[in-house]
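**Q** I am sharing query-v4.txt, which consists of compact mmCIF, C-alpha atoms:
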```
# COMPACT_ATOMS: atom_id res chain seq x y z
CA MET A 606 -37.16 -39.10 8.95
CA ALA A 607 -38.64 -35.64 9.30
CA LEU A 608 -39.89 -33.73 6.33
CA VAL A 609 -38.24 -30.29 6.03
CA TYR A 610 -39.74 -27.68 3.77
CA TRP A 611 -37.40 -25.58 1.66
CA ASN A 612 -37.68 -21.87 2.35
CA PRO A 613 -35.86 -19.80 -0.30
CA ARG A 614 -36.16 -16.61 1.75
CA ARG A 615 -34.39 -18.20 4.72
CA GLU A 616 -31.63 -19.48 2.39
CA ALA A 617 -31.13 -15.99 0.92
CA GLU A 618 -30.99 -14.41 4.40
CA SER A 619 -28.46 -17.02 5.52
CA LEU A 620 -26.29 -16.36 2.47
CA GLN A 621 -26.51 -12.59 3.02
CA HIS A 622 -25.49 -13.03 6.67
CA GLN A 623 -22.47 -15.15 5.67
CA ILE A 624 -21.33 -12.61 3.05
CA THR A 625 -21.71 -9.74 5.52
CA ARG A 626 -19.67 -11.60 8.15
CA LEU A 627 -16.98 -12.37 5.57
CA PHE A 628 -16.56 -8.69 4.69
CA GLU A 629 -16.67 -7.60 8.34
CA ASP A 630 -13.91 -10.08 9.22
CA ALA A 631 -11.78 -8.82 6.33
CA LEU A 632 -12.27 -5.12 7.07
CA VAL A 633 -12.58 -5.06 10.85
CA PRO A 634 -10.72 -7.93 12.49
CA ARG A 635 -11.97 -9.42 15.71
CA SER A 636 -10.00 -8.29 18.74
CA GLU A 637 -8.81 -11.80 19.56
CA GLN A 638 -7.22 -12.28 16.13
CA LYS A 639 -3.56 -11.50 15.53
CA HIS A 640 -2.85 -8.30 13.62
CA GLU A 641 0.42 -9.44 12.05
CA TYR A 642 -1.22 -10.48 8.80
CA LEU A 643 -2.77 -7.03 8.40
CA SER A 644 0.45 -5.23 7.50
CA THR A 645 -0.12 -3.21 4.39
CA VAL A 646 2.16 -1.85 1.76
CA PRO A 647 2.24 1.91 1.29
CA LEU A 648 0.11 3.26 -1.53
CA ALA A 649 2.11 4.99 -4.25
CA GLU A 650 1.72 7.60 -6.95
CA MET A 651 4.31 7.98 -9.71
CA LYS A 652 4.75 10.85 -12.18
CA GLU A 653 7.38 10.84 -14.89
CA THR A 654 8.76 14.01 -16.45
CA PRO A 655 11.59 14.32 -19.00
CA GLU A 656 14.01 15.20 -16.19
CA ALA A 657 12.94 12.98 -13.26
CA ILE A 658 10.54 10.49 -11.76
CA HIS A 659 8.47 11.81 -8.85
CA LEU A 660 7.29 9.14 -6.44
CA LYS A 661 4.87 9.79 -3.56
CA LEU A 662 4.09 7.17 -0.92
CA GLU A 663 1.45 7.27 1.76
CA ILE A 664 2.99 6.18 5.09
CA PRO A 665 0.93 7.74 7.89
CA GLY A 666 1.66 7.54 11.60
CA MET A 667 5.39 6.94 11.43
CA ASP A 668 8.53 8.90 12.18
CA ALA A 669 10.97 9.49 9.33
CA LYS A 670 13.69 7.66 11.25
CA ASP A 671 11.58 4.46 11.20
CA ILE A 672 11.32 4.36 7.39
CA ASP A 673 14.07 2.69 5.35
CA VAL A 674 14.39 3.84 1.73
CA GLN A 675 16.88 2.16 -0.60
CA VAL A 676 17.32 3.16 -4.23
CA THR A 677 19.04 1.47 -7.16
CA GLU A 678 19.17 2.62 -10.79
CA LYS A 679 16.10 0.51 -11.56
CA ALA A 680 13.96 0.32 -8.39
CA VAL A 681 13.00 1.84 -5.05
CA SER A 682 12.56 -0.24 -1.89
CA ILE A 683 10.62 1.12 1.10
CA SER A 684 10.31 -0.75 4.37
CA GLY A 685 9.51 -0.11 8.00
CA GLU A 686 7.48 -1.26 10.95
CA ARG A 687 4.43 0.39 12.43
CA LYS A 688 4.41 -0.52 16.10
CA SER A 689 1.29 -0.57 18.25
CA GLU A 690 1.16 1.40 21.44
CA GLN A 691 0.63 -0.90 24.39
CA LYS A 692 -1.65 0.69 26.96
CA SER A 693 -3.22 -1.02 29.91
CA GLU A 694 -6.69 0.09 30.80
CA ASP A 695 -8.57 -1.03 33.86
CA GLN A 696 -11.98 -0.75 32.33
CA GLY A 697 -13.55 -0.79 28.92
CA GLU A 698 -12.56 -2.46 25.70
CA THR A 699 -10.47 -0.93 22.96
CA LYS A 700 -11.25 -1.78 19.36
CA SER A 701 -8.79 -0.71 16.71
CA GLU A 702 -8.83 -0.72 12.93
CA PHE A 703 -5.26 0.57 12.77
CA ARG A 704 -2.82 -1.71 11.00
CA TYR A 705 0.45 -2.54 12.69
CA GLY A 706 3.41 -4.62 11.69
CA ARG A 707 6.23 -4.72 9.19
CA PHE A 708 5.76 -3.56 5.62
CA GLU A 709 7.95 -3.61 2.55
CA ARG A 710 7.39 -2.49 -1.00
CA LEU A 711 9.61 -2.74 -4.06
CA ILE A 712 8.69 -0.35 -6.89
CA PRO A 713 10.33 -0.91 -10.29
CA LEU A 714 11.10 2.31 -12.13
CA PRO A 715 10.21 2.96 -15.80
CA ALA A 716 13.63 4.55 -16.50
CA ARG A 717 17.16 4.47 -15.12
CA ILE A 718 17.88 7.10 -12.49
CA GLN A 719 20.87 8.73 -10.85
CA HIS A 720 20.48 6.85 -7.58
CA THR A 721 23.15 8.95 -5.88
CA ASN A 722 21.19 12.22 -6.39
CA VAL A 723 17.79 11.24 -4.98
CA LYS A 724 15.97 13.85 -2.90
CA ALA A 725 13.52 12.76 -0.19
CA GLU A 726 11.04 14.62 1.98
CA TYR A 727 8.66 13.15 4.57
CA LYS A 728 5.87 15.41 5.76
CA ASP A 729 2.34 14.78 7.05
CA GLY A 730 2.55 11.04 6.36
CA ILE A 731 3.58 11.48 2.72
CA LEU A 732 7.04 10.47 1.49
CA ASN A 733 8.08 12.44 -1.62
CA LEU A 734 11.01 11.15 -3.65
CA THR A 735 12.54 13.01 -6.59
CA LEU A 736 14.53 10.59 -8.70
CA PRO A 737 16.55 12.40 -11.41
CA LYS A 738 16.98 10.46 -14.64
CA THR A 739 20.39 9.59 -16.05
CA GLU A 740 21.62 11.61 -19.04
CA GLN A 741 21.08 8.56 -21.28
CA GLU A 742 17.41 8.40 -20.26
CA LYS A 743 16.89 12.14 -20.73
CA ASN A 744 18.16 11.93 -24.31
CA LYS A 745 16.44 8.66 -25.13
CA VAL A 746 13.89 10.12 -27.56
CA VAL A 747 15.29 11.07 -30.93
CA LYS A 748 13.35 12.85 -33.67
CA VAL A 749 13.47 10.93 -36.96
CA GLN A 750 13.06 12.79 -40.26
CA LEU A 751 10.75 11.09 -42.71
CA GLU A 752 11.65 11.24 -46.40
CA PRO A 753 8.78 11.26 -48.89
CA ALA A 754 8.51 8.06 -50.89
CA ALA A 755 9.67 8.33 -54.49
```
Here is a file; write its structure as structure tokens.
**A**
Amino acid sequence: MALVYWNPRREAESLQHQITRLFEDALVPRSEQKHEYLSTVPLAEMKETPEAIHLKLEIPGMDAKDIDVQVTEKAVSISGERKSEQKSEDQGETKSEFRYGRFERLIPLPARIQHTNVKAEYKDGILNLTLPKTEQEKNKVVKVQLEPAA
């Protein structure tokens, strides 16, 4: 049996190398790995006013016709598929960090909306939805008069 000396510096370097490789694999996939698991959901930003809910979603690199938006009184569903462009090159290697594949996101709304009067605009990779609230939701807050205690 050979005697092996423990070297804490080598152990720390090995651990650092493993952590670095873990993050590199998560952020930049190897070219031989499948990209299907990398589909991402669109990032969203929601602003509520007394009259409506304004929802913005970041969906870059797609045509408006490839995005499916469905709205109910209580939620918004966005789905689509970002397809990769297949190019054959005789020389060189292409590395891509783009994410391709199907995505779907269901966003619950904080108030009921008039789902038949939704306005949508898609420009520069940003989907803007204006979701007008129902009359019941607009008048939901009622001022209560406080009587002084006797």
**Q** Hey, what's within 12 Å of Glu653 (chain A) if we count only C-alpha atoms and toss same-chain stuff fewer than 3 positions away? As a ChimeraX atom specification, please?
**A** /A:650,656-661,714-718,734-738,742-743
**Q** Of the candidates A:Val609, A:Ile672, A:Leu732, A:Leu751, which one gets nearest to Phe708 (chain A) if we count only C-alpha atoms?
**A**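 Closest to Phe708 (chain A) of all the choices is A:Ile672.
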**Q** Could you jot down the CA of Gly706 (chain A) to CA of Leu662 (chain A) separation for me, Å, one decimal place?
**A**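 Separation of CA of Gly706 (chain A) and CA of Leu662 (chain A): 17.3 Å.
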**Q** So what do you get for CA of Asn744 (chain A) versus CA of Pro655 (chain A), distance-wise?
**A**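 Calculated distance between CA of Asn744 (chain A) and CA of Pro655 (chain A) is 8.8 Å.
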**Q** For the atom pair CA of Ala669 (chain A) and CA of Thr654 (chain A), what is the interatomic distance in Å to one decimal place?
**A**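 Straight-line distance from CA of Ala669 (chain A) to CA of Thr654 (chain A) works out to 26.3 Å.
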**Q** Taking (6.3, 16.8, 7.0) in the file's coordinates as the center, which residues reach within 12 Å of it, counting all atoms listed in the file, put as a ChimeraX atom specification?
**A** /A:663-669,725-733
